[in-house]
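To keep things clear, I will list the structure first and then write my remarks on it.
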Amino acid sequence: MTDDAPSQQAPAPDPQVAPERLDPIPGEWKRVSSKYVVVDLIGTLISGAIMTIASGLPWYFFQVPWLLVFPIVFGVMMVVLAAFTPRRVRAIGYRLRDDDLLFRRGIMFQRFVAVPYGRMQLVDINRGPLARAVGLSELKLVTAAAASNVTIPGLPEQEADDLRDRLVALAESRRAGL
Amino acid sequence: MNDDLADGEWHRLHPATPLLRGGIALIAILGIIIANLRERVVEIFFGGGSYEGDPIDLLLERGLVPLALVVVAVALLIFIAGFYLSWRMHTFRITDELVEVRSGILFRTHRKARLDRIQGINIVRPFFARLFGAARLEITGAGSDANVQLSYLSGVRADALRRDILNLASGTRERERAERAAPAETAGESAPGLVGQRVSELIAPELEPGLAEPSSVVTMNPGRLIASTVLSTTTFFFVVIVVGGIIAATVSREFFVLFGAVPLLFGLGSFLVNRIVKSLRYSIAGTPDGVRVGYGLLSTSNETLPPGRIHSISISQQLPWRPFDWWEVKVNRAGKSSAQGAAGQQNTTILPVGTRAEVFRVLELVLPGLVDVEGDVGSEGGSEAVRRVIEAGLEKATPGDGFTNSPRRAAVLRWFSWRRNGFALRPDAVILRRGAIWRELVVVPAARMQSVAVHQGPLERALRLANVQAHTVAGPISARLGALDAEDASRFFRDLAETAIAAASADSSHRWRSGEAGA
């Protein structure tokens, strides 16, 4: 669907190649634990099931055939989301650079964030019931901007604690104002 | 009374504080009682029927009048004693590091705020308080409910206190109070008597002459303010709705459709009047300790923002303003003052409307060192270049103007603006240019960026586009630029991340004058 950009002056590598993924800073990413797939999968299934049942209620009460569309759509969405869970979890990654933390997630909607250590206001560790059962933690970085929104899920507990201490120490050494 | 409020000792507020804070409530209660008893009042004067079931009838019947009077008297006494006590217990002190406030009778509150975390100091003079020559001083900090309020202080002392707090916060560690307080004193004495002083305060210009260099002052031109308000998009939509209504009414011959426009008319009217009245005495000026933004006709408010407290700036222009080259300047800031800003908007609008020259003067004030026209000795090359980039950012895109724009295929997502949609990255600021119809230029000082992100959704992937965002504190401006070429976006993201780190480590604006005082 792209018109073949003849006016484009920038020396794009090879415009004919299929749209490639965004990779602004190539390098090795630290991935999250594969056990997180289970946590994410169960979470997806539970919320998907609730959505499917809730959207099926009108059909159940009114028995109008076309209302069946909603539970079917939600059900299919749940299945697709669940099927892509391992892929999605593999796409989550982070990297500690000299002065900032890089974070990436998403396959359909890719997102890369760079948070300078000096900008971190606090570091949170959360453990949900499912994650705790498999020994995982979630690490959340908070900056003065709400949009930063960096949450690294699926870290083994010990690794999460170490990472938190390391980040706090780094933030302390590079502290800046707001 | 000791005039030096920032000497590290505990001080009390203006003695009229209880009256100003509680007096209005008292008057309101009295008003409600009188409104409820108006039949009785009418009856006293004109005679007439009786009002059974009225509580006062009940009191009269049962002979409880003395008891009722005693109850009222006791309630009043408790009221007054409470206000007096709360005034006695409400003390504040300013030390070299902190501002502290202790308040409350039963529930004591003790709030300490660090001076180097101050985001701005606002002096608000509500009309009622102005009559008493009192002012409310509000020290804004970052975050919600992070403000320290000193209400009320006497007006002259509030101004002096702000100067002292900013002086202490700036890190000069040196009090130049004696020389600088002098002009304020003489201004107060020149008006004879108390009444004369109040009158002269009421009619005094918004900005005290001599407070700031005249060359740095931007004031509002009333004609332009009115014209720009009338020529705004709001008015345009209103006219469209009214014309549509008239057409609908004449076609359908149902004329009561027009009455639907009446509430709209009231809404628009109050919007216009509010905007014009509040902005009429607007002024913005550079003082040694930051930008001073003042406005208000009856209730006035003026806020000083120390350098480095502005997290992003947007310069925007609605379509009807283009022939006149008028622009509006908004900012994102970490502190939220409780007072409303100019034009009845949040006080994030620091220039409701101005010409291009005025916009640049405001930019010089809010981004010191970045867009100086005169060019300081050290930084002239850099700041000149930034100024040229910003100037180009207000115009149509031209080749070689320093911006990296969206590719042609972005026209799918940015129908009109893809030519203008672009960014420029300088060592100390990011400049984003957006919008073809509603032109906008966003400037984010690099030292204020909290983090940066690049996104790509499925549609953007198909078009090989991506969008980049510089995260700043919450506010009306979002520094997001969509529909960039994916390669450009990746490069931009990379450079932005580096710039943010470099700028943040070089930044020292939390103690903005600590360097220059030779300490």
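We label chains A, B, ... in the order they appear in the structure tokens, count residues from 1 in each chain, and number ligands from 1 in the order shown.
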Quick one: DSSP helix (DSSP H, G or I) residues in stretch 135-313 of chain B, as a PyMOL selection string? chain B and resi 155-170+177-190+193-203+214-216+222-230+233-252+255-280
Would you write out those residues with C-alpha atoms, as a compact mmCIF listing (two decimals), in the first residue's frame?
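Below is the file that was written, part07.txt:
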# COMPACT_ATOMS: atom_id res chain seq x y z
CA GLY B 155 0.71 42.96 50.49
CA VAL B 156 4.03 44.74 50.82
CA ARG B 157 5.42 42.05 53.12
CA ALA B 158 4.28 39.31 50.73
CA ASP B 159 6.29 40.88 47.93
CA ALA B 160 9.33 41.25 50.16
CA LEU B 161 8.98 37.70 51.44
CA ARG B 162 8.84 36.27 47.95
CA ARG B 163 11.96 38.17 47.01
CA ASP B 164 13.73 36.82 50.07
CA ILE B 165 12.59 33.22 49.56
CA LEU B 166 13.69 33.27 45.94
CA ASN B 167 16.93 34.84 46.98
CA LEU B 168 17.58 32.09 49.50
CA ALA B 169 16.46 29.41 47.08
CA SER B 170 18.67 30.69 44.28
CA ARG B 177 17.59 42.82 50.99
CA ALA B 178 18.59 46.23 52.23
CA GLU B 179 19.16 47.79 48.85
CA ARG B 180 16.34 46.05 47.07
CA ALA B 181 13.62 46.59 49.66
CA ALA B 182 14.13 50.32 49.58
CA PRO B 183 11.92 51.24 46.59
CA ALA B 184 8.95 49.30 47.97
CA GLU B 185 9.12 51.16 51.26
CA THR B 186 9.08 54.57 49.69
CA ALA B 187 6.22 53.62 47.41
CA GLY B 188 4.16 52.68 50.46
CA GLU B 189 4.93 55.88 52.30
CA SER B 190 4.18 58.25 49.48
CA GLY B 193 -3.08 57.72 55.19
CA LEU B 194 -4.53 54.23 55.22
CA VAL B 195 -7.37 54.90 52.80
CA GLY B 196 -5.12 56.69 50.41
CA GLN B 197 -2.70 53.80 50.51
CA ARG B 198 -5.44 51.26 49.72
CA VAL B 199 -6.70 53.39 46.85
CA SER B 200 -3.25 53.79 45.42
CA GLU B 201 -2.70 50.05 45.72
CA LEU B 202 -5.94 49.36 43.90
CA ILE B 203 -5.19 51.62 41.00
CA PRO B 214 11.38 47.62 30.70
CA SER B 215 12.83 45.87 27.66
CA SER B 216 11.81 42.49 29.05
CA PRO B 222 -6.54 45.43 24.80
CA GLY B 223 -7.50 45.82 21.16
CA ARG B 224 -5.57 42.75 20.16
CA LEU B 225 -6.94 40.80 23.09
CA ILE B 226 -10.53 41.54 22.08
CA ALA B 227 -9.90 40.97 18.40
CA SER B 228 -8.09 37.71 19.01
CA THR B 229 -10.86 36.46 21.27
CA VAL B 230 -13.52 37.34 18.72
CA THR B 233 -12.05 29.07 16.79
CA THR B 234 -14.60 29.02 19.61
CA THR B 235 -16.37 32.04 18.18
CA PHE B 236 -16.13 30.55 14.72
CA PHE B 237 -17.89 27.35 15.80
CA PHE B 238 -20.48 29.38 17.64
CA VAL B 239 -21.24 31.39 14.51
CA VAL B 240 -21.47 28.18 12.50
CA ILE B 241 -23.93 26.71 15.00
CA VAL B 242 -26.05 29.87 15.06
CA VAL B 243 -26.13 30.15 11.28
CA GLY B 244 -26.99 26.46 11.05
CA GLY B 245 -29.76 26.99 13.57
CA ILE B 246 -31.17 29.95 11.64
CA ILE B 247 -31.13 27.98 8.40
CA ALA B 248 -32.74 24.99 10.08
CA ALA B 249 -35.37 27.26 11.61
CA THR B 250 -36.25 29.02 8.36
CA VAL B 251 -36.36 25.78 6.40
CA SER B 252 -38.42 23.86 8.91
CA PHE B 255 -38.60 28.92 15.18
CA PHE B 256 -38.24 27.66 18.73
CA VAL B 257 -35.15 25.82 17.52
CA LEU B 258 -33.44 29.18 17.95
CA PHE B 259 -34.02 29.11 21.68
CA GLY B 260 -31.59 26.25 21.86
CA ALA B 261 -28.89 28.81 21.12
CA VAL B 262 -29.67 30.90 24.20
CA PRO B 263 -27.71 28.84 26.76
CA LEU B 264 -24.91 28.65 24.22
CA LEU B 265 -24.97 32.41 23.95
CA PHE B 266 -24.64 32.74 27.72
CA GLY B 267 -21.81 30.26 27.76
CA LEU B 268 -19.93 32.03 25.02
CA GLY B 269 -20.59 35.43 26.56
CA SER B 270 -19.19 34.45 29.93
CA PHE B 271 -16.21 32.79 28.25
CA LEU B 272 -15.42 35.93 26.27
CA VAL B 273 -15.90 38.32 29.17
CA ASN B 274 -13.90 36.15 31.53
CA ARG B 275 -11.05 35.84 29.11
CA ILE B 276 -10.93 39.52 28.32
CA VAL B 277 -11.31 40.78 31.88
CA LYS B 278 -8.72 38.43 33.32
CA SER B 279 -6.15 39.04 30.63
CA LEU B 280 -6.61 42.79 30.42
If we count only C-alpha atoms, what is near B:Ser299 at a cut-off of 6 Å, once residues fewer than 2 positions away on the same chain are taken out, given as a list in words? Arg125, Pro126, Phe127, Gly296 and Leu297 of chain B
Output of the above residues as a short mmCIF file (atom, residue, chain, number, x, y, z; two decimals), in the first residue's frame, restricted to C-alpha atoms:
data_model
loop_
_atom_site.label_atom_id
_atom_site.label_comp_id
_atom_site.auth_asym_id
_atom_site.auth_seq_id
_atom_site.Cartn_x
_atom_site.Cartn_y
_atom_site.Cartn_z
CA ARG B 125 -4.88 39.08 45.88
CA PRO B 126 -8.59 38.27 45.83
CA PHE B 127 -10.70 41.40 45.52
CA GLY B 296 -6.25 40.13 36.85
CA LEU B 297 -8.38 43.23 37.06
#
Would you write out, as CSV, a table of all residues in stretch 64-163 of chain A that have an atom no more than 12 Å from an atom of stretch 426-447 of chain B, listing for each the closest atom pair and the distance in Å to one decimal, considering only C-alpha atoms and ordering rows by chain and rising residue number?
residue,atom,partner,partner_atom,distance
A:Pro116,CA,B:Ala447,CA,11.1
A:Gly118,CA,B:Ala447,CA,11.0
A:Arg119,CA,B:Ala447,CA,10.3
Would you save the residues of that selection, restricted to C-alpha atoms, as a PDB file, in the first residue's frame?
ATOM      1  CA  PRO A 116      17.967   8.168  32.268  1.00  0.00           C
ATOM      2  CA  GLY A 118      18.952  10.356  37.148  1.00  0.00           C
ATOM      3  CA  ARG A 119      15.286  10.792  36.269  1.00  0.00           C
TER       4      ARG A 119
END
From the set B:Ser232, B:Pro352, B:Phe324, B:Ala142, which residue has the shortest atom-to-atom contact distance to chain A, counting only C-alpha atoms?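 Using only C-alpha atoms, the shortest distance to chain A belongs to B:Ala142.
Comparing the minimum interatomic distances between chain B and each of A:Leu155, A:Ala147, A:Ala171, A:Leu136, counting only C-alpha atoms, we find that A:Ala147 sits nearest.
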Using only C-alpha atoms, determine which residues lie at most 9 Å from A:Ser55, disregarding the query and same-chain residues fewer than 4 positions distant; provide the list as a ChimeraX atom specification. /A:50-51,59,67-68,70-72,74
Using C-alpha atoms, can you export the residues from the last selection as an mmCIF file, in the first residue's frame?
data_model
loop_
_atom_site.group_PDB
_atom_site.id
_atom_site.type_symbol
_atom_site.label_atom_id
_atom_site.label_comp_id
_atom_site.auth_asym_id
_atom_site.auth_seq_id
_atom_site.Cartn_x
_atom_site.Cartn_y
_atom_site.Cartn_z
ATOM 1 C CA ILE A 50 -14.847 -12.768 31.658
ATOM 2 C CA MET A 51 -15.129 -10.522 28.602
ATOM 3 C CA TRP A 59 -27.598 -13.004 23.676
ATOM 4 C CA LEU A 67 -26.115 -10.870 19.373
ATOM 5 C CA LEU A 68 -23.949 -13.975 19.283
ATOM 6 C CA PHE A 70 -20.063 -10.265 20.428
ATOM 7 C CA PRO A 71 -19.071 -13.372 22.383
ATOM 8 C CA ILE A 72 -17.654 -14.889 19.189
ATOM 9 C CA PHE A 74 -14.245 -11.668 22.033
#
From a backbone DSSP assignment, name each residue in chain A labelled strand (DSSP E), as a PyMOL selection string. chain A and resi 30-31+93-96+100-105+110-116+122-126+136-142+150-156
List as JSON, numbers by chain the protein and nucleic acid residues near stretch 32-38 of chain A, meaning an atom at most 10 Å away when only C-alpha atoms are counted, but skip any in the same chain fewer than 2 places from it. {"A": [29, 30, 40, 41, 42, 43, 44, 82, 84, 85, 86, 87, 88, 89, 90, 91, 92, 93, 94, 130, 131, 134, 135, 136, 137, 152, 153, 154, 155, 156]}
Shell around stretch 20-31 of chain B at 7 Å using only C-alpha atoms, local window under 4 positions removed, as a ChimeraX atom specification: /B:16,35,129
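Interatomic distance, atom CA of B:Arg130 to atom CA of B:Glu303: 16.5 Å.
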Please compute the atom CA of B:Leu19-atom CA of B:Lys112 distance, one decimal, in Å. 26.0 Å
Closest of B:Glu213, B:Glu498, B:Asp507, B:Glu364 to A:Val115 - atom-to-atom distances counting only C-alpha atoms: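 Of all the options, B:Glu498 lies closest to A:Val115.
Of the listed residues B:Thr95, B:Ser478, B:Ser490, B:Gln317, the one whose atoms come nearest to B:Arg464 is B:Ser490, with distances taken using only C-alpha atoms.
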Using only C-alpha atoms, find the one residue out of A:Gly128, A:Leu101, A:Gly27, A:Val73 that sits nearest to chain B. A:Leu101
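Nearest residue to B:Ile284, choosing from B:Ser316, B:Gly335, B:Ala453, B:Leu207 and counting only C-alpha atoms: B:Leu207.
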